Amino acid sequence: MAQRHHTAPTVSRKTVVWFSEVGKDDGAVAGGKGANLGEMTRAGIPVPPGFIVTANTYFQFLDSAGLRPRIRSLLEALDPNNTQSLHRNARAIKEAILDATISESDAQAVVDAYRRLGEGPVAVRSSATAEDLPDASFAGQQSTFLNIEGAAALLEAVQACWASLFEPRAIFYRAQHGYDHLSIGIAVPVQRMVQSEISGVLFTCEPVTSDESKITIEAVYGLGEAIVSGEVTPDLYIVNKADLAILERSLAAQEWQITRAAGGDIEPNKRVPVADSDQRRPKLSDPEIVALAQLGRQIEQHYGSPQDIEWAREGGRFYIVQSRPITTLGRPFEASKGLESLVLLASGSPASPGVGAGPVRIILNANELDLLRPGDVLVTEMTTPDFVPAMRRAAAIVTDRGGRTCHAAIVSRELGVPCVVGTSDATRVLENLVAVTVDGSSGKVFAGRISLGERPAATQYLRGASLKTKTKVYVNLADPERAAEIAAMNVDGVGLLRAEFIIANAVKAHPRYLLAQGQGSLFTQRLADGVETFAAAFAPRPVVYRTTDFKTNEYRGLTGGAQYEGEEENPMLGYRGVSRYIRDIDVFRLELEAIKRVRREYPNLWVMLPFVRTIEELSRCKAIMEQEGLSRTADFRLWMMLEIPANVFLLDKFLDVGIDGISIGSNDLTQLILGIDRDNEKLASAFDERNPAVLVALRKIVTTAKKRGVACSICGQAPSDYPDLTEKLVRWGITSVSVNADAIYKTREIVADTEAKLHRT
């Protein structure tokens with residue numbers, strides 16, 4: 001295995017670096033894709049040679065062209081959930097990047113490297129600095145250009161890759177996952193072009209069931225663009241990882257392939273027919289399947305985790321053109337039960353596990369995506385990255401084309417949406433607005449709509465679906481549309497209900513702006529409606545509602561927000577949380593009124609105060625709540641978030657004010673203890689809630705709360721990511737752990753096992 005190394009400052013400042021100069025830890029320089037190409041080159045994996053235009057070059061381009069203010073203003077002005085706004089502003093940003101000029105010195109460095117590579121056709125790929133992380137899959141979001149030839153065409157392709165960082169789908173993804181748009185860089189790997197006779201994708205596991213004992217290979221004729229996009233349904237081969245025995249073959253007829261165009265053609269690539277005699281033949285022979293599986297196993301062993309690998313064969317030799325970690329293993333999935341009585345309408349390849357039901361909505365191009373309503377079953381020939389914002393709204397997804405590693409399959413698994421691909425005829429045999437049930441685990445689509453509440457609660461973590469633990473397992477939630485689905489799981493309540501999603505999607509306007517318009521009651525009612533959805537779904541289990549914690553830049557994004565919010569250099573440390581409530585009491589009263597309305601019917605709703613800087617702030621905020629009729633009682637608990645080191649140092653004094661519970665916001669607390677911006681890609685590797693300094697703080701919080709008899713929870717990302725940290729918290733005496741929905745059952749098992757160990761000792 002190649003040794004870990006640290007990039008020298010001179011490398012990070014270069015315009016161009018060669019694959020041999022970087023490794024897997026150099027994502028800040030080379031992006032995820034580029035770093036892995038360098039890592040594999042150094043490890044002796046057969047990677048076509050190439051170089052990388054560094055992320056630093058992209059950042060210098062933005063600065064020298066003066067593009068940052070323009071991009072920032074266009075991003076602040078758009079609503080990522082509004083398709084028209086998203087596409088309009090994304091187009092304007094891309095045009096600004098494409099119209100700017102690369103500096104003469106950077107352009108010359110790229111051209112010199114191209115000549116040193118030997119010129120000729122190359123593949124020009126985008127490599128974002130935040131892609132291929134364990135918690136993020138940026139599949140298909142940025143552009144790739146194949147068979148680019150000539151210095152001028154290469155420079156145009158590099159600039160087009162930079163612009164593709166602001167494709168609508170990429171902006172939407174970053175907004176949904178909380179990434180800062182201008183902190184994400186993009187590198188551009190330039191690689192000798194493999195003129196593939198056969199190409200495809202290899203997963204070193206079975207991606208639908210997360211079975212790590214198998215290797216999954218998909219193959220098509222020609223360039224791999226056809227398989228990744230899902231335009232062609234591939235051959236599928238399943239191999240036993242231990243002995244490389246071929247377990248399964250599924251052949252797909254292929255009528256056309258993508259190959260390099262002739263020199264005089266405008267486009268570098270073209271579609272050509274596949275000979276009739278080859279259309280139904282296996283793409284790979286048995287020895288080739290075994291050799292490719294062995295190569296995949298070698299790459300997985302090198303990285304130490306399951307990999308998603310793109311490969312190509314030229315002249316009888318296999319090349320690896322990309323490898324990245326698989327980000328969708330271990331998600332809960334539904335068993336295919338209770339569907340036997342339904343009529344089968346269509347079948348294809350299982351792509352994303354689970355069962356979804358709803359009315360069919362056939363979408364034949366991205367311009368029709370606004371027709372898709374929440375809960376519809378999206379039926380299309382094949383998704384593209386532009387479909388991602390709409391895919392999130394779908395109850396299930398069905399496609400005519402594609403295999404288990406196509407765009408629709410990968411993104412559906414990440415979103416947790418059931419998906420069936422490669423049906424060949426779903427857009428023809430299914431009828432618009434007619435209800436169907438989609439079983440993503442078996443690849444089947446049935447007539448009628450099964451009652452999802454009757455589905456068996458079968459998941460990968462079978463014990464976690466039925467276990468009871470002394471330590472409560474809560475869930476972090478924000479989207480009202482998922483309330484009923486998650487409430488049906490073995491979960492003890494909601495440990496963190498975020499207000500911001502409801503306000504951004506249902507209210508959409510700044511509360512001070514609504515007050516000025518005489519519409520303060522609109523804010524209150526829409527917020528109450530959203531919160532009530534959760535309280536009703538989980539009753540009588542507690543729902544801990546965190547009062548609004550928008551930062552100034554986020555408030556500015558609401559309608560009318562620019563009139564009431566100033567610019568702050570560091571909004572994270574700015575005007576937020578309880579500091580707002582005690583200064584803008586009229587707005588706080590709107591929120592308190594919404595809470596009171598919900599509690600009239602659902603007393604299981606509790607309140608948690610975020611970002612409490614001082615003991616005096618907590619006292620004043622608590623007094624305002626009491627004046628508005630929200631005093632602590634047997635059925636109304638008041639909690640506070642612990643996100644600031646001052647909360648740790650003075651915890652006893654905060655508790656003396658009189659609160660019922662505390663919840664550790666591990667994200668902000670870790671940032672402030674370590675002095676690290678978790679969204680800064682250069683420091684990302686150092687952001688870890690298991691840092692010894694953070695662990696000292698966590699232990700003090702939990703043990704102090706236990707001594708004082710106060711409920712103690714944690715609701716940051718850490719428990720979802722680090723089972724070993726969850727075990728420590730339980731040992732110290734935490735009373736509850738609140739995790740993301742996909743980690744509920746896994747966490748329940750960890751908690752149960754830890755409690756069992758404690759009982760035995």
# chains A, B, ... in the order shown; residues from 1 in each chain; ligands from 1
call {"tool": "residues_around", "arguments": {"residues": "Gly50 (chain A)", "least_positions_apart": "6", "cutoff": "12 Å", "atoms": "only C-alpha atoms", "output": "JSON, numbers by chain"}}
result
{"A": [16, 17, 18, 19, 20, 21, 22, 34, 37, 38, 41, 110, 113, 114, 115, 116, 117, 118, 119, 121, 122, 123, 124, 125, 188, 189, 190, 191, 192, 193, 194, 321]}
call {"tool": "residues_around", "arguments": {"residues": "Pro69 (chain A)", "least_positions_apart": "5", "cutoff": "12 Å", "atoms": "only C-alpha atoms", "output": "short mmCIF file (atom, residue, chain, number, x, y, z; two decimals) with N, CA and C atoms, in the first residue's frame"}}
result
data_model
loop_
_atom_site.label_atom_id
_atom_site.label_comp_id
_atom_site.auth_asym_id
_atom_site.auth_seq_id
_atom_site.Cartn_x
_atom_site.Cartn_y
_atom_site.Cartn_z
N LEU A 62 -10.76 32.84 -10.33
CA LEU A 62 -11.89 33.61 -9.79
C LEU A 62 -11.43 34.98 -9.30
N ASP A 63 -10.30 34.99 -8.59
CA ASP A 63 -9.82 36.25 -8.02
C ASP A 63 -9.31 37.21 -9.09
N LEU A 74 -25.39 36.38 -7.18
CA LEU A 74 -26.34 35.53 -7.91
C LEU A 74 -26.78 34.34 -7.06
N LEU A 75 -25.88 33.80 -6.24
CA LEU A 75 -26.25 32.68 -5.38
C LEU A 75 -27.20 33.12 -4.27
N GLU A 76 -26.94 34.29 -3.70
CA GLU A 76 -27.80 34.78 -2.61
C GLU A 76 -29.19 35.11 -3.11
N ILE A 93 -24.11 32.55 -13.89
CA ILE A 93 -22.79 32.30 -13.29
C ILE A 93 -21.88 31.60 -14.29
N ALA A 96 -20.60 33.95 -16.92
CA ALA A 96 -19.56 34.85 -16.41
C ALA A 96 -18.21 34.15 -16.38
N LEU A 182 -18.64 28.90 -2.53
CA LEU A 182 -17.37 29.51 -2.93
C LEU A 182 -16.18 28.94 -2.17
#
call {"tool": "closest_atom_pairs", "arguments": {"of": "region 197-261 of chain A", "to": "region 350-370 of chain A", "cutoff": "9 Å", "atoms": "only C-alpha atoms", "output": "tab-separated table"}}
result
residue	atom	partner	partner_atom	distance
A:Pro207	CA	A:Ala351	CA	7.9
A:Val208	CA	A:Ser352	CA	5.6
A:Thr209	CA	A:Pro353	CA	7.3
call {"tool": "residues_around", "arguments": {"residues": "Gln195 (chain A)", "least_positions_apart": "4", "cutoff": "12 Å", "atoms": "only C-alpha atoms", "output": "ChimeraX atom specification"}}
result
/A:48,120-123,146-147,191,199,221-224,258-261,269,311-319,321
call {"tool": "closest_residue", "arguments": {"among": "A:Phe538, A:Leu430, A:Glu267, A:Asn81", "to": "Ala390 (chain A)", "atoms": "only C-alpha atoms"}}
result
A:Asn81
call {"tool": "residues_around", "arguments": {"residues": "Leu247 (chain A)", "least_positions_apart": "2", "cutoff": "10 Å", "atoms": "only C-alpha atoms", "output": "number ranges by chain"}}
result
A: 214-215, 237-240, 244-245, 249
call {"tool": "write_last_selection", "arguments": {"atoms": "N, CA and C atoms", "output": "PDB file, in the first residue's frame"}}
result
ATOM      1  N   LYS A 214     -19.680  -9.787  -2.692  1.00  0.00           N
ATOM      2  CA  LYS A 214     -19.805  -9.888  -4.148  1.00  0.00           C
ATOM      3  C   LYS A 214     -19.181  -8.686  -4.834  1.00  0.00           C
ATOM      4  N   ILE A 215     -18.777  -8.882  -6.075  1.00  0.00           N
ATOM      5  CA  ILE A 215     -18.305  -7.809  -6.955  1.00  0.00           C
ATOM      6  C   ILE A 215     -19.295  -7.698  -8.106  1.00  0.00           C
ATOM      7  N   TYR A 237     -22.566  -8.669 -14.538  1.00  0.00           N
ATOM      8  CA  TYR A 237     -21.872  -9.870 -14.079  1.00  0.00           C
ATOM      9  C   TYR A 237     -21.669  -9.749 -12.565  1.00  0.00           C
ATOM     10  N   ILE A 238     -22.035 -10.799 -11.817  1.00  0.00           N
ATOM     11  CA  ILE A 238     -21.840 -10.836 -10.375  1.00  0.00           C
ATOM     12  C   ILE A 238     -20.774 -11.885 -10.063  1.00  0.00           C
ATOM     13  N   VAL A 239     -19.764 -11.496  -9.290  1.00  0.00           N
ATOM     14  CA  VAL A 239     -18.617 -12.365  -9.004  1.00  0.00           C
ATOM     15  C   VAL A 239     -18.463 -12.514  -7.495  1.00  0.00           C
ATOM     16  N   ASN A 240     -18.170 -13.719  -7.046  1.00  0.00           N
ATOM     17  CA  ASN A 240     -17.865 -13.952  -5.641  1.00  0.00           C
ATOM     18  C   ASN A 240     -16.487 -13.357  -5.340  1.00  0.00           C
ATOM     19  N   LEU A 244     -13.505 -15.470  -6.710  1.00  0.00           N
ATOM     20  CA  LEU A 244     -13.684 -14.916  -8.064  1.00  0.00           C
ATOM     21  C   LEU A 244     -14.514 -15.830  -8.972  1.00  0.00           C
ATOM     22  N   ALA A 245     -15.358 -16.657  -8.373  1.00  0.00           N
ATOM     23  CA  ALA A 245     -16.287 -17.466  -9.171  1.00  0.00           C
ATOM     24  C   ALA A 245     -17.398 -16.563  -9.719  1.00  0.00           C
ATOM     25  N   ARG A 249     -24.865 -13.936 -14.665  1.00  0.00           N
ATOM     26  CA  ARG A 249     -24.685 -13.144 -15.880  1.00  0.00           C
ATOM     27  C   ARG A 249     -26.051 -12.671 -16.351  1.00  0.00           C
TER      28      ARG A 249
END
call {"tool": "residues_around", "arguments": {"residues": "Ile659 (chain A)", "least_positions_apart": "4", "cutoff": "9 Å", "atoms": "only C-alpha atoms", "output": "JSON, numbers by chain"}}
result
{"A": [632, 637, 638, 639, 640, 654, 655, 710]}
call {"tool": "residues_around", "arguments": {"residues": "Ile171 (chain A)", "least_positions_apart": "5", "cutoff": "9 Å", "atoms": "only C-alpha atoms", "output": "list of chain:residue names"}}
result
A:Leu75, A:Pro80, A:Leu86, A:Ala90, A:Leu165, A:Phe166, A:Gln176, A:His181
call {"tool": "write_last_selection", "arguments": {"atoms": "N, CA and C atoms", "output": "mmCIF file, in the first residue's frame"}}
result
data_model
loop_
_atom_site.group_PDB
_atom_site.id
_atom_site.type_symbol
_atom_site.label_atom_id
_atom_site.label_comp_id
_atom_site.auth_asym_id
_atom_site.auth_seq_id
_atom_site.Cartn_x
_atom_site.Cartn_y
_atom_site.Cartn_z
ATOM 1 N N LEU A 75 -25.884 33.801 -6.237
ATOM 2 C CA LEU A 75 -26.252 32.682 -5.377
ATOM 3 C C LEU A 75 -27.195 33.123 -4.267
ATOM 4 N N PRO A 80 -32.938 27.689 -4.264
ATOM 5 C CA PRO A 80 -32.550 26.417 -4.897
ATOM 6 C C PRO A 80 -33.720 25.475 -5.140
ATOM 7 N N LEU A 86 -33.302 28.724 -10.028
ATOM 8 C CA LEU A 86 -32.067 27.951 -9.994
ATOM 9 C C LEU A 86 -31.392 27.931 -11.358
ATOM 10 N N ALA A 90 -27.939 29.998 -12.330
ATOM 11 C CA ALA A 90 -26.832 29.107 -12.678
ATOM 12 C C ALA A 90 -26.297 29.443 -14.071
ATOM 13 N N LEU A 165 -19.048 23.656 -12.184
ATOM 14 C CA LEU A 165 -19.212 23.645 -10.733
ATOM 15 C C LEU A 165 -20.505 24.356 -10.335
ATOM 16 N N PHE A 166 -21.061 25.131 -11.263
ATOM 17 C CA PHE A 166 -22.284 25.882 -10.985
ATOM 18 C C PHE A 166 -23.439 25.439 -11.880
ATOM 19 N N GLN A 176 -28.504 21.713 -0.386
ATOM 20 C CA GLN A 176 -29.184 20.717 0.436
ATOM 21 C C GLN A 176 -28.277 20.141 1.513
ATOM 22 N N HIS A 181 -20.749 27.404 -1.338
ATOM 23 C CA HIS A 181 -20.465 27.310 -2.772
ATOM 24 C C HIS A 181 -19.065 27.806 -3.128
#
call {"tool": "select_by_dssp", "arguments": {"residues": "region 171-202 of chain A", "states": "strand (DSSP E)", "output": "list in words"}}
result
Ile186, Ala187, Val188, Pro189, Val190, Gln191, Arg192, Ile198, Ser199, Gly200, Val201 and Leu202 of chain A
call {"tool": "residues_around", "arguments": {"residues": "region 515-532 of chain A", "least_positions_apart": "6", "cutoff": "8 Å", "atoms": "only C-alpha atoms", "output": "MDAnalysis selection string"}}
result
chainID A and resid 480 499 502:503 506:507 590:591 593:595 597:598 602
call {"tool": "atom_distance", "arguments": {"atom1": "CA of Arg281 (chain A)", "atom2": "CA of Glu248 (chain A)"}}
result
15.5 Å
call {"tool": "select_by_dssp", "arguments": {"residues": "region 588-685 of chain A", "states": "helix (DSSP H, G or I)", "output": "PyMOL selection string"}}
result
chain A and resi 588-601+615-627+645-649+651-656+666-674+684-685
call {"tool": "atom_distance", "arguments": {"atom1": "CA of Ser143 (chain A)", "atom2": "CA of Ile186 (chain A)"}}
result
11.1 Å
call {"tool": "atom_distance", "arguments": {"atom1": "CA of Lys746 (chain A)", "atom2": "CA of Tyr474 (chain A)"}}
result
12.3 Å
call {"tool": "closest_residue", "arguments": {"among": "A:Ile217, A:Leu295, A:Met625, A:Leu650", "to": "Val612 (chain A)", "atoms": "only C-alpha atoms"}}
result
A:Leu650
call {"tool": "decode", "arguments": {"residues": "region 503-529 of chain A", "atoms": "N, CA and C atoms", "output": "compact mmCIF listing (two decimals), in the first residue's frame"}}
result
# COMPACT_ATOMS: atom_id res chain seq x y z
N ILE A 503 -39.59 27.16 7.57
CA ILE A 503 -39.66 28.58 7.24
C ILE A 503 -39.24 28.83 5.80
N ALA A 504 -38.16 28.17 5.36
CA ALA A 504 -37.66 28.40 4.01
C ALA A 504 -38.62 27.88 2.95
N ASN A 505 -39.35 26.81 3.24
CA ASN A 505 -40.20 26.19 2.23
C ASN A 505 -41.68 26.55 2.34
N ALA A 506 -42.17 26.79 3.56
CA ALA A 506 -43.60 27.09 3.73
C ALA A 506 -43.85 28.58 3.94
N VAL A 507 -42.96 29.24 4.66
CA VAL A 507 -43.14 30.68 4.92
C VAL A 507 -42.49 31.50 3.82
N LYS A 508 -41.20 31.24 3.56
CA LYS A 508 -40.42 31.81 2.46
C LYS A 508 -40.08 33.28 2.62
N ALA A 509 -40.68 33.98 3.58
CA ALA A 509 -40.43 35.42 3.75
C ALA A 509 -39.82 35.70 5.11
N HIS A 510 -39.05 36.77 5.18
CA HIS A 510 -38.45 37.20 6.44
C HIS A 510 -39.56 37.62 7.40
N PRO A 511 -39.52 37.18 8.67
CA PRO A 511 -40.61 37.51 9.59
C PRO A 511 -40.77 39.01 9.82
N ARG A 512 -39.67 39.76 9.86
CA ARG A 512 -39.77 41.21 10.02
C ARG A 512 -40.45 41.85 8.81
N TYR A 513 -40.20 41.31 7.64
CA TYR A 513 -40.86 41.80 6.41
C TYR A 513 -42.36 41.53 6.49
N LEU A 514 -42.75 40.34 6.97
CA LEU A 514 -44.18 40.03 7.09
C LEU A 514 -44.85 40.93 8.12
N LEU A 515 -44.16 41.21 9.22
CA LEU A 515 -44.72 42.12 10.21
C LEU A 515 -44.97 43.49 9.60
N ALA A 516 -44.03 43.96 8.78
CA ALA A 516 -44.19 45.27 8.14
C ALA A 516 -45.37 45.28 7.17
N GLN A 517 -45.68 44.11 6.61
CA GLN A 517 -46.81 44.00 5.68
C GLN A 517 -48.12 43.69 6.41
N GLY A 518 -48.07 43.64 7.73
CA GLY A 518 -49.27 43.30 8.49
C GLY A 518 -49.64 41.84 8.39
N GLN A 519 -48.65 40.97 8.09
CA GLN A 519 -48.91 39.54 7.87
C GLN A 519 -48.14 38.65 8.86
N GLY A 520 -47.90 39.17 10.04
CA GLY A 520 -47.20 38.35 11.03
C GLY A 520 -47.92 37.07 11.35
N SER A 521 -49.24 37.09 11.29
CA SER A 521 -50.02 35.89 11.58
C SER A 521 -49.78 34.79 10.54
N LEU A 522 -49.42 35.19 9.31
CA LEU A 522 -49.12 34.21 8.27
C LEU A 522 -47.89 33.40 8.66
N PHE A 523 -46.86 34.08 9.15
CA PHE A 523 -45.64 33.40 9.62
C PHE A 523 -46.01 32.39 10.71
N THR A 524 -46.77 32.86 11.69
CA THR A 524 -47.13 32.01 12.82
C THR A 524 -47.91 30.78 12.38
N GLN A 525 -48.90 30.97 11.51
CA GLN A 525 -49.77 29.87 11.13
C GLN A 525 -49.02 28.83 10.29
N ARG A 526 -48.21 29.27 9.35
CA ARG A 526 -47.50 28.31 8.51
C ARG A 526 -46.44 27.55 9.30
N LEU A 527 -45.80 28.24 10.22
CA LEU A 527 -44.84 27.55 11.07
C LEU A 527 -45.57 26.54 11.96
N ALA A 528 -46.70 26.94 12.53
CA ALA A 528 -47.47 26.03 13.38
C ALA A 528 -47.94 24.81 12.59
N ASP A 529 -48.38 25.02 11.36
CA ASP A 529 -48.83 23.89 10.54
C ASP A 529 -47.70 22.88 10.32
